[in-house]
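Accompanying notes for the structure given below.
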There are 2 protein chains.
Amino acid sequence: MDRKAITSYDVARLAGVSQSAVSRAFSPEASISEATRARVMNAARELGYQPNAIARSMSSARNEPQQKSGMVGLIVTRMQDPFFANTVAELSRNIQAKGWQILLFTVESQEEVDAALTTLMRYKIDGVVILSAILSGRMAAACHASGIPVILYNRSAAELPVSSVQIENREGGRLAADFLIEGGHERIAFVAGDDADSTSRLREEGFVERLVTAGKKLFLRETGDYTFVSGREAGLRLFSRQERPDAVFCASDVMSLGVLHTARHELNLDVPRDFSLIGFDDIPAADWPGHQLTSIRQPVHRMIREATDILIEMMENPDRSPRTRRFSGTLIVRGSCRLPAKAV
Amino acid sequence: MDRKAITSYDVARLAGVSQSAVSRAFSPEASISEATRARVMNAARELGYQPNAIARSMSSARNEPQQKSGMVGLIVTRMQDPFFANTVAELSRNIQAKGWQILLFTVESQEEVDAALTTLMRYKIDGVVILSAILSGRMAAACHASGIPVILYNRSAAELPVSSVQIENREGGRLAADFLIEGGHERIAFVAGDDADSTSRLREEGFVERLVTAGKKLFLRETGDYTFVSGREAGLRLFSRQERPDAVFCASDVMSLGVLHTARHELNLDVPRDFSLIGFDDIPAADWPGHQLTSIRQPVHRMIREATDILIEMMENPDRSPRTRRFSGTLIVRGSCRLPAKAV
DNA sequence: CCGTATGATGCATGCGCATGCAACATTGAT
DNA sequence: ATCAATGTTGCATGCGCATGCATCATACGG
């Protein structure tokens, strides 16, 4: 209980070697004979010794230009959204598999990001992934000065010295618009996730751009906050009017499901007969038999792998310049849309 | 970039004080005059100094019986399940709010828990929460010996020196059984989450216990893995038979939704006319208009608060003995069940 | 048989911080 | 005016580890 922790000195004593030998036994590169390593390992096993990662990090401050901790910061928003929950799960698995630990910070608003990052920097994280949020220019500069690579996932910030991985939001919006236009829809609505958020804005821009090209304009526009409840409420507003939309595109699947459930089960509308619905992300629930939600799929696995690769490369080569990578989404057609007359 | 990190010595030099003064300025308890603290803080701000949490932890090894890192380990399984995603989000918010950092470890199987814990211990975590998994007796002993409090969430292990917070699983099963029996159901099925998992087993035990009391026995039994897909498949098996169940109780809501979707939309069954359905957890999607799933609600907020409180108390008083806390679930009646003739 | 190259080992050191201790300043009571 | 009590400050130290350096052992070529 209040027993003293076991250190490399304890192991050294038991194995009859120096503390250096213990240290070397635990670092694969070091110059040490197999015999000594074996004796050390036996002693370590006997005592239940585990190298102290904190002390190791301290020591690294002596030999590396920057202190390394073996930890990666992960700043997360909207973890309740299955899209992000899945991303966190997979991203953390990937990073763990590469030998880093995850220092998690959940934030509920954009404003908390800088504070979270400040705290994380005190722990000398080797890098940081920011999920669906951005950081201030000041913090970006601070990270850059400290040699801490930053990756934005699901966001970009071209003017900052940070890397980013995200979907082609504008293009995704275009895919949705084209499909609805081909389907002959006339009164097309959009439900935004957050007016201040570039992700939602870009999806809307691409969407509206194509509507305009086709000689239409946005029929209605609502704003939610990416949650089911806000989608439901947006749906109620959209369909409480005299003249109703015949198509709705939402900035996220979760909101789409809100629209879908309220339309079908509270307003007794028929989807897709009364209106077509398209979401974004293609979360697993989009494919549930009762939903069959048409959606823009994000290539999540590839995006996460890319984010991990960039992060690790930047951590290993500190002077590599930031990289931005955009992935194309795919329209996944399911039963929530009236189909174009000719095709599919 | 490869600029040297800013240390307390740099700040001391600029402020014209000793390094000790800088250290004291950043610790609220320390004996230091307001004037000195202000000068230090100004210098610190000017240089962008942040105390090095790693070094602080090293130093604590000198003064505390056990080295403190300010980090709490969080070992998580099944993060894709909204029930756990929400729990992780809320739990991490709580722990952060109390001033600890979260060292996250996602595991995909029970076997990975011990390895995760070993790694976490190298980082000298002050405590650990294990979500929906248990640890070996050996690791429990190791944590105990190191003075690291362990809390199991959604599991228990009475024989181990660890705390736990969980729902009364057996009682929840009884609630479900009683309600189905009162509703006059005759052919009652259960879908397990995992046969090796006490959570699912206890729910089943309580459930079957009441069936037996009422002179019935379990009509059918299927096993899934807590996922939607496995629920769907279990549903397909249950209803592909000649004689079909008229009630199904699932060990989790997500599986229930799998049963619900396949029944309604693939098998064209009517819920609750053809059969009643009860889930467990009461995730938000249970209340979606198109689902209206009856479920056993877990008092998540209270449970998470309790877990946080226990954890923090154990971290602050290392010799406090482990505590086990069980919460009662509540039956939330929604449209997925045929109601008892008389009541509600 | 000697000299040199190679590998293995131990010693000493410092990473950045917090704190015990001694020195010193300040205040108030007598 | 003197002394004790209190508050503030700096010095020195060590937390556990990794590594540069010197030392020593071993092997091998000439």
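Please note that chains go A, B, ... in the order of the structure tokens, that every chain numbers its residues from 1, and that ligands are numbered from 1 in the order shown.
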Chain fit of chain B to chain A, all Cα atoms, as a compact mmCIF listing (two decimals) with C-alpha atoms, in the first residue's frame:
# COMPACT_ATOMS: atom_id res chain seq x y z
CA MET B 1 0.11 -0.01 0.17
CA ASP B 2 2.58 2.65 1.12
CA ARG B 3 5.31 0.28 0.07
CA LYS B 4 7.91 2.12 -1.88
CA ALA B 5 7.64 1.82 -5.65
CA ILE B 6 10.07 -0.55 -7.32
CA THR B 7 12.77 1.23 -9.28
CA SER B 8 15.49 0.17 -11.62
CA TYR B 9 17.89 0.27 -8.67
CA ASP B 10 15.94 -2.46 -6.91
CA VAL B 11 16.09 -4.60 -9.99
CA ALA B 12 19.80 -3.87 -10.44
CA ARG B 13 20.53 -4.92 -6.90
CA LEU B 14 18.66 -8.19 -7.25
CA ALA B 15 20.23 -8.96 -10.63
CA GLY B 16 23.68 -7.97 -9.45
CA VAL B 17 24.18 -5.39 -12.17
CA SER B 18 24.24 -1.61 -12.40
CA GLN B 19 21.17 0.55 -12.82
CA SER B 20 22.37 1.37 -16.33
CA ALA B 21 22.15 -2.28 -17.25
CA VAL B 22 18.51 -2.36 -16.18
CA SER B 23 17.77 0.68 -18.26
CA ARG B 24 19.52 -0.90 -21.23
CA ALA B 25 17.70 -4.16 -20.79
CA PHE B 26 14.44 -2.33 -21.32
CA SER B 27 15.50 -0.39 -24.39
CA PRO B 28 15.64 -2.56 -27.49
CA GLU B 29 18.39 -0.56 -29.17
CA ALA B 30 20.85 -0.56 -26.34
CA SER B 31 24.19 -2.30 -26.24
CA ILE B 32 23.78 -5.14 -23.77
CA SER B 33 24.53 -8.84 -23.84
CA GLU B 34 21.73 -11.32 -24.02
CA ALA B 35 22.88 -12.93 -20.78
CA THR B 36 22.68 -9.70 -18.82
CA ARG B 37 19.37 -8.76 -20.33
CA ALA B 38 17.95 -12.13 -19.33
CA ARG B 39 19.13 -11.76 -15.75
CA VAL B 40 17.68 -8.30 -15.55
CA MET B 41 14.37 -9.41 -16.99
CA ASN B 42 14.14 -12.24 -14.49
CA ALA B 43 14.81 -9.95 -11.60
CA ALA B 44 12.31 -7.45 -13.01
CA ARG B 45 9.65 -10.10 -13.30
CA GLU B 46 10.31 -11.29 -9.80
CA LEU B 47 9.87 -7.80 -8.39
CA GLY B 48 7.04 -6.80 -10.69
CA TYR B 49 9.11 -3.93 -12.01
CA GLN B 50 7.78 -1.71 -14.76
CA PRO B 51 9.84 1.18 -16.11
CA ASN B 52 8.55 4.54 -14.98
CA ALA B 53 7.33 6.30 -18.11
CA ILE B 54 7.33 9.66 -16.37
CA ALA B 55 10.96 9.40 -15.40
CA ARG B 56 11.78 8.20 -18.87
CA SER B 57 10.16 11.29 -20.24
CA MET B 58 12.16 13.49 -17.91
CA SER B 59 15.31 11.90 -19.07
CA SER B 60 14.38 12.41 -22.69
CA ALA B 61 14.40 16.15 -22.06
CA ARG B 62 18.13 15.76 -21.65
CA ASN B 63 18.81 13.97 -24.89
CA GLU B 64 16.17 15.07 -27.31
CA PRO B 65 15.68 18.62 -28.50
CA GLN B 66 12.19 18.39 -27.04
CA GLN B 67 10.97 16.35 -24.13
CA LYS B 68 8.94 13.34 -25.26
CA SER B 69 6.18 11.78 -23.19
CA GLY B 70 4.89 9.06 -25.47
CA MET B 71 1.46 10.63 -25.16
CA VAL B 72 -0.75 12.09 -27.84
CA GLY B 73 -3.44 14.59 -26.98
CA LEU B 74 -6.92 13.96 -28.30
CA ILE B 75 -9.36 16.82 -28.08
CA VAL B 76 -12.89 15.71 -28.78
CA THR B 77 -16.24 17.38 -29.26
CA ARG B 78 -19.67 15.86 -29.72
CA MET B 79 -18.71 12.42 -28.54
CA GLN B 80 -22.40 11.57 -28.28
CA ASP B 81 -22.64 11.61 -32.04
CA PRO B 82 -22.00 8.06 -33.24
CA PHE B 83 -19.90 9.41 -36.05
CA PHE B 84 -17.45 10.85 -33.55
CA ALA B 85 -17.72 8.05 -31.04
CA ASN B 86 -16.67 5.65 -33.76
CA THR B 87 -13.91 7.96 -34.84
CA VAL B 88 -12.54 8.28 -31.34
CA ALA B 89 -12.64 4.53 -30.89
CA GLU B 90 -10.84 3.79 -34.12
CA LEU B 91 -8.39 6.64 -33.91
CA SER B 92 -7.38 5.74 -30.40
CA ARG B 93 -6.94 2.11 -31.39
CA ASN B 94 -4.65 3.15 -34.23
CA ILE B 95 -2.56 5.47 -32.13
CA GLN B 96 -2.28 2.95 -29.33
CA ALA B 97 -1.20 0.30 -31.80
CA LYS B 98 1.67 2.54 -32.81
CA GLY B 99 2.84 2.74 -29.22
CA TRP B 100 1.51 6.07 -28.07
CA GLN B 101 -0.85 6.77 -25.21
CA ILE B 102 -3.95 8.89 -25.52
CA LEU B 103 -4.46 11.86 -23.29
CA LEU B 104 -8.14 12.57 -23.79
CA PHE B 105 -9.81 15.91 -23.44
CA THR B 106 -13.52 16.26 -24.07
CA VAL B 107 -14.70 19.77 -24.73
CA GLU B 108 -18.21 21.03 -25.26
CA SER B 109 -17.50 24.22 -27.06
CA GLN B 110 -15.00 25.71 -29.38
CA GLU B 111 -13.82 28.06 -26.65
CA GLU B 112 -12.56 25.23 -24.49
CA VAL B 113 -10.07 24.03 -27.06
CA ASP B 114 -7.33 26.50 -26.24
CA ALA B 115 -7.58 25.79 -22.55
CA ALA B 116 -7.49 22.06 -23.19
CA LEU B 117 -4.43 22.47 -25.34
CA THR B 118 -2.68 24.51 -22.69
CA THR B 119 -3.25 21.79 -20.16
CA LEU B 120 -2.14 19.12 -22.58
CA MET B 121 1.04 21.00 -23.31
CA ARG B 122 1.96 20.89 -19.66
CA TYR B 123 2.07 17.14 -20.05
CA LYS B 124 4.52 17.45 -22.91
CA ILE B 125 2.39 15.58 -25.37
CA ASP B 126 4.22 14.59 -28.53
CA GLY B 127 1.34 15.61 -30.78
CA VAL B 128 -2.34 16.39 -30.76
CA VAL B 129 -5.42 15.52 -32.77
CA ILE B 130 -8.34 17.89 -32.59
CA LEU B 131 -11.65 16.36 -33.55
CA SER B 132 -14.11 18.69 -35.18
CA ALA B 133 -12.85 21.88 -33.68
CA ILE B 134 -10.15 24.40 -34.39
CA LEU B 135 -7.62 26.20 -32.32
CA SER B 136 -6.71 29.86 -32.14
CA GLY B 137 -3.83 31.25 -34.13
CA ARG B 138 -2.11 32.03 -30.89
CA MET B 139 -2.26 28.42 -29.69
CA ALA B 140 -1.28 27.14 -33.10
CA ALA B 141 1.79 29.31 -32.92
CA ALA B 142 2.55 28.08 -29.43
CA CYS B 143 2.34 24.47 -30.54
CA HIS B 144 4.44 25.20 -33.55
CA ALA B 145 7.07 26.88 -31.41
CA SER B 146 7.10 23.89 -29.09
CA GLY B 147 7.44 21.52 -32.00
CA ILE B 148 4.11 19.85 -31.25
CA PRO B 149 2.40 18.73 -34.43
CA VAL B 150 -1.32 19.47 -34.58
CA ILE B 151 -3.83 17.66 -36.75
CA LEU B 152 -7.33 18.89 -37.28
CA TYR B 153 -9.77 16.14 -38.10
CA ASN B 154 -12.98 17.15 -39.79
CA ARG B 155 -11.83 20.76 -39.99
CA SER B 156 -9.16 22.75 -41.69
CA ALA B 157 -7.32 25.97 -41.11
CA ALA B 158 -5.16 26.68 -44.09
CA GLU B 159 -3.76 29.85 -42.59
CA LEU B 160 -2.39 28.04 -39.53
CA PRO B 161 0.73 25.87 -39.33
CA VAL B 162 -1.28 22.71 -38.69
CA SER B 163 -2.14 19.58 -40.65
CA SER B 164 -5.65 18.55 -41.40
CA VAL B 165 -7.69 15.64 -42.64
CA GLN B 166 -11.24 16.13 -43.72
CA ILE B 167 -13.95 15.31 -46.17
CA GLU B 168 -14.56 17.42 -49.24
CA ASN B 169 -17.54 19.13 -47.71
CA ARG B 170 -18.41 21.32 -50.65
CA GLU B 171 -18.25 18.38 -53.01
CA GLY B 172 -20.47 16.36 -50.68
CA GLY B 173 -23.03 19.12 -50.76
CA ARG B 174 -22.89 19.08 -54.54
CA LEU B 175 -23.47 15.32 -54.67
CA ALA B 176 -26.56 15.71 -52.55
CA ALA B 177 -27.88 18.60 -54.65
CA ASP B 178 -27.27 16.86 -57.95
CA PHE B 179 -29.08 13.77 -56.81
CA LEU B 180 -32.08 15.69 -55.56
CA ILE B 181 -32.24 17.77 -58.72
CA GLU B 182 -32.07 14.68 -60.91
CA GLY B 183 -34.87 13.24 -58.82
CA GLY B 184 -36.98 16.17 -59.91
CA HIS B 185 -37.37 17.87 -56.58
CA GLU B 186 -38.54 21.45 -56.53
CA ARG B 187 -38.74 22.70 -52.98
CA ILE B 188 -35.43 21.78 -51.45
CA ALA B 189 -34.48 22.56 -47.86
CA PHE B 190 -31.27 22.44 -45.92
CA VAL B 191 -30.74 21.89 -42.20
CA ALA B 192 -27.47 23.33 -40.99
CA GLY B 193 -25.53 21.90 -38.07
CA ASP B 194 -24.11 25.12 -36.79
CA ASP B 195 -23.93 28.41 -38.63
CA ALA B 196 -20.53 29.22 -37.20
CA ASP B 197 -19.04 25.94 -38.28
CA SER B 198 -17.17 25.65 -41.56
CA THR B 199 -18.08 22.00 -41.98
CA SER B 200 -21.76 22.77 -42.14
CA ARG B 201 -21.23 25.95 -44.13
CA LEU B 202 -19.19 24.29 -46.83
CA ARG B 203 -21.71 21.50 -47.21
CA GLU B 204 -24.35 24.13 -47.62
CA GLU B 205 -22.30 26.15 -50.08
CA GLY B 206 -21.70 23.21 -52.37
CA PHE B 207 -25.33 22.26 -52.07
CA VAL B 208 -26.70 25.69 -52.88
CA GLU B 209 -24.15 26.21 -55.63
CA ARG B 210 -25.62 23.30 -57.57
CA LEU B 211 -29.15 24.32 -56.89
CA VAL B 212 -28.36 27.70 -58.37
CA THR B 213 -26.64 26.13 -61.36
CA ALA B 214 -29.82 24.17 -61.95
CA GLY B 215 -31.81 27.36 -61.80
CA LYS B 216 -33.28 26.69 -58.40
CA LYS B 217 -32.80 28.28 -55.08
CA LEU B 218 -32.92 27.00 -51.55
CA PHE B 219 -36.54 26.72 -50.58
CA LEU B 220 -36.09 26.69 -46.82
CA ARG B 221 -33.29 26.68 -44.38
CA GLU B 222 -33.17 25.64 -40.75
CA THR B 223 -30.40 25.47 -38.22
CA GLY B 224 -29.83 22.75 -35.65
CA ASP B 225 -26.92 21.73 -33.47
CA TYR B 226 -26.11 18.32 -34.94
CA THR B 227 -28.31 16.49 -32.43
CA PHE B 228 -31.30 14.27 -33.01
CA VAL B 229 -33.50 16.60 -31.02
CA SER B 230 -32.48 19.60 -33.08
CA GLY B 231 -33.14 17.63 -36.25
CA ARG B 232 -36.57 16.71 -35.01
CA GLU B 233 -37.34 20.32 -34.21
CA ALA B 234 -36.06 21.50 -37.55
CA GLY B 235 -38.31 18.91 -39.15
CA LEU B 236 -41.30 20.13 -37.22
CA ARG B 237 -40.65 23.67 -38.37
CA LEU B 238 -40.11 22.67 -41.98
CA PHE B 239 -43.33 20.71 -42.19
CA SER B 240 -45.57 22.92 -40.12
CA ARG B 241 -45.75 25.35 -43.03
CA GLN B 242 -48.38 25.65 -45.65
CA GLU B 243 -46.04 24.88 -48.47
CA ARG B 244 -43.79 21.99 -47.57
CA PRO B 245 -40.39 21.03 -48.89
CA ASP B 246 -40.21 17.99 -51.14
CA ALA B 247 -36.58 17.35 -50.22
CA VAL B 248 -34.38 17.91 -47.20
CA PHE B 249 -30.63 17.73 -46.93
CA CYS B 250 -29.15 17.73 -43.44
CA ALA B 251 -25.60 18.50 -42.43
CA SER B 252 -25.42 15.27 -40.45
CA ASP B 253 -27.08 11.87 -40.31
CA VAL B 254 -28.11 12.24 -36.71
CA MET B 255 -30.12 15.33 -37.56
CA SER B 256 -31.54 13.55 -40.60
CA LEU B 257 -32.80 10.81 -38.37
CA GLY B 258 -34.48 13.44 -36.25
CA VAL B 259 -36.24 14.75 -39.34
CA LEU B 260 -37.08 11.23 -40.47
CA HIS B 261 -38.57 10.10 -37.19
CA THR B 262 -40.67 13.16 -36.65
CA ALA B 263 -41.89 13.16 -40.24
CA ARG B 264 -42.89 9.53 -40.30
CA HIS B 265 -44.06 9.01 -36.78
CA GLU B 266 -45.26 12.35 -35.57
CA LEU B 267 -46.42 14.04 -38.76
CA ASN B 268 -47.49 10.90 -40.59
CA LEU B 269 -45.60 11.81 -43.68
CA ASP B 270 -44.28 9.24 -46.08
CA VAL B 271 -40.62 9.27 -46.92
CA PRO B 272 -39.76 9.31 -49.78
CA ARG B 273 -43.26 9.87 -51.22
CA ASP B 274 -43.85 13.17 -49.44
CA PHE B 275 -40.25 14.25 -49.39
CA SER B 276 -36.77 12.92 -49.97
CA LEU B 277 -34.10 13.03 -47.29
CA ILE B 278 -30.33 13.00 -47.48
CA GLY B 279 -27.91 12.97 -44.58
CA PHE B 280 -24.18 13.25 -44.22
CA ASP B 281 -21.61 10.85 -42.68
CA ASP B 282 -23.32 7.53 -43.35
CA ILE B 283 -23.34 6.36 -39.76
CA PRO B 284 -24.36 2.75 -39.15
CA ALA B 285 -27.92 3.75 -38.16
CA ALA B 286 -28.45 5.19 -41.64
CA ASP B 287 -28.51 1.63 -42.91
CA TRP B 288 -30.90 0.26 -40.32
CA PRO B 289 -33.86 -1.41 -42.02
CA GLY B 290 -36.38 1.12 -40.78
CA HIS B 291 -34.26 4.12 -41.73
CA GLN B 292 -32.67 3.45 -45.09
CA LEU B 293 -31.29 6.92 -45.15
CA THR B 294 -29.51 8.13 -48.24
CA SER B 295 -26.28 9.74 -47.13
CA ILE B 296 -22.87 11.02 -48.11
CA ARG B 297 -20.43 8.45 -46.85
CA GLN B 298 -17.12 9.51 -45.42
CA PRO B 299 -14.26 7.07 -46.02
CA VAL B 300 -13.66 6.91 -42.30
CA HIS B 301 -11.09 4.14 -42.20
CA ARG B 302 -8.89 5.76 -44.79
CA MET B 303 -9.26 9.16 -43.20
CA ILE B 304 -8.32 7.89 -39.78
CA ARG B 305 -5.39 5.97 -41.14
CA GLU B 306 -4.21 9.06 -42.95
CA ALA B 307 -4.56 11.17 -39.83
CA THR B 308 -2.59 8.63 -37.83
CA ASP B 309 0.10 8.44 -40.48
CA ILE B 310 0.47 12.18 -40.75
CA LEU B 311 0.59 12.57 -37.00
CA ILE B 312 3.25 9.94 -36.55
CA GLU B 313 5.33 11.21 -39.41
CA MET B 314 5.21 14.72 -37.99
CA MET B 315 6.12 13.47 -34.54
CA GLU B 316 9.11 11.63 -35.92
CA ASN B 317 10.25 14.40 -38.27
CA PRO B 318 9.57 17.63 -36.45
CA ASP B 319 10.62 19.83 -39.34
CA ARG B 320 8.20 18.31 -41.83
CA SER B 321 5.74 20.95 -42.87
CA PRO B 322 2.02 20.51 -42.20
CA ARG B 323 -0.04 18.53 -44.64
CA THR B 324 -3.66 18.88 -45.64
CA ARG B 325 -5.57 15.97 -47.01
CA ARG B 326 -9.13 15.99 -48.34
CA PHE B 327 -11.16 12.91 -49.12
CA SER B 328 -14.11 12.58 -51.41
CA GLY B 329 -17.40 11.40 -50.04
CA THR B 330 -19.66 8.95 -51.82
CA LEU B 331 -23.38 9.19 -52.24
CA ILE B 332 -24.96 6.06 -50.78
CA VAL B 333 -28.44 5.76 -52.20
CA ARG B 334 -31.06 4.21 -49.98
CA GLY B 335 -34.79 4.31 -49.74
CA SER B 336 -35.18 7.77 -48.27
CA CYS B 337 -35.11 9.44 -51.69
CA ARG B 338 -37.32 9.51 -54.69
CA LEU B 339 -35.06 8.25 -57.47
CA PRO B 340 -34.28 10.00 -60.74
CA ALA B 341 -36.71 8.78 -63.37
CA LYS B 342 -34.09 7.38 -65.67
CA ALA B 343 -31.22 5.99 -63.68
CA VAL B 344 -29.90 3.85 -60.78
DSSP strand (DSSP E) residues within range 96-244 of chain B, as a PyMOL selection string: chain B and resi 101-106+127-131+150-153+163-167+188-192+220-223
If the cut-off is 9 Å, can you tell me the residues of chain C near chain B, counting only C-alpha atoms (C1' of nucleotides)? I'd like them as a list in words.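 Going by the stated atoms only, the list reads DC15, DG16, DC17, DA18 and DT19 of chain C.
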Restrict the distance test to only C-alpha atoms (C1' of nucleotides), flag each residue of chain D within 10 Å of chain B, and return the flagged residues as an mmCIF file with C-alpha atoms (C1' of nucleotides), in the first residue's frame.
data_model
loop_
_atom_site.group_PDB
_atom_site.id
_atom_site.type_symbol
_atom_site.label_atom_id
_atom_site.label_comp_id
_atom_site.auth_asym_id
_atom_site.auth_seq_id
_atom_site.Cartn_x
_atom_site.Cartn_y
_atom_site.Cartn_z
ATOM 1 C "C1'" DG D 7 6.307 35.634 6.964
ATOM 2 C "C1'" DT D 8 9.277 35.438 2.823
ATOM 3 C "C1'" DT D 9 13.202 33.972 0.210
ATOM 4 C "C1'" DG D 10 17.121 31.232 -1.742
ATOM 5 C "C1'" DC D 11 20.029 27.145 -1.594
ATOM 6 C "C1'" DG D 14 16.522 14.177 -5.128
ATOM 7 C "C1'" DC D 15 12.554 12.012 -7.694
ATOM 8 C "C1'" DG D 16 13.863 7.545 -11.765
#
As a PyMOL selection string, please: every residue in range 56-185 of chain A that DSSP puts in helix (DSSP H, G or I). chain A and resi 56-63+82-97+112-122+137-146+169-182
Please compute the C1' of DA23 in chain C-C1' of DA5 in chain D distance, one decimal, in Å.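 It comes out at 15.6 Å.
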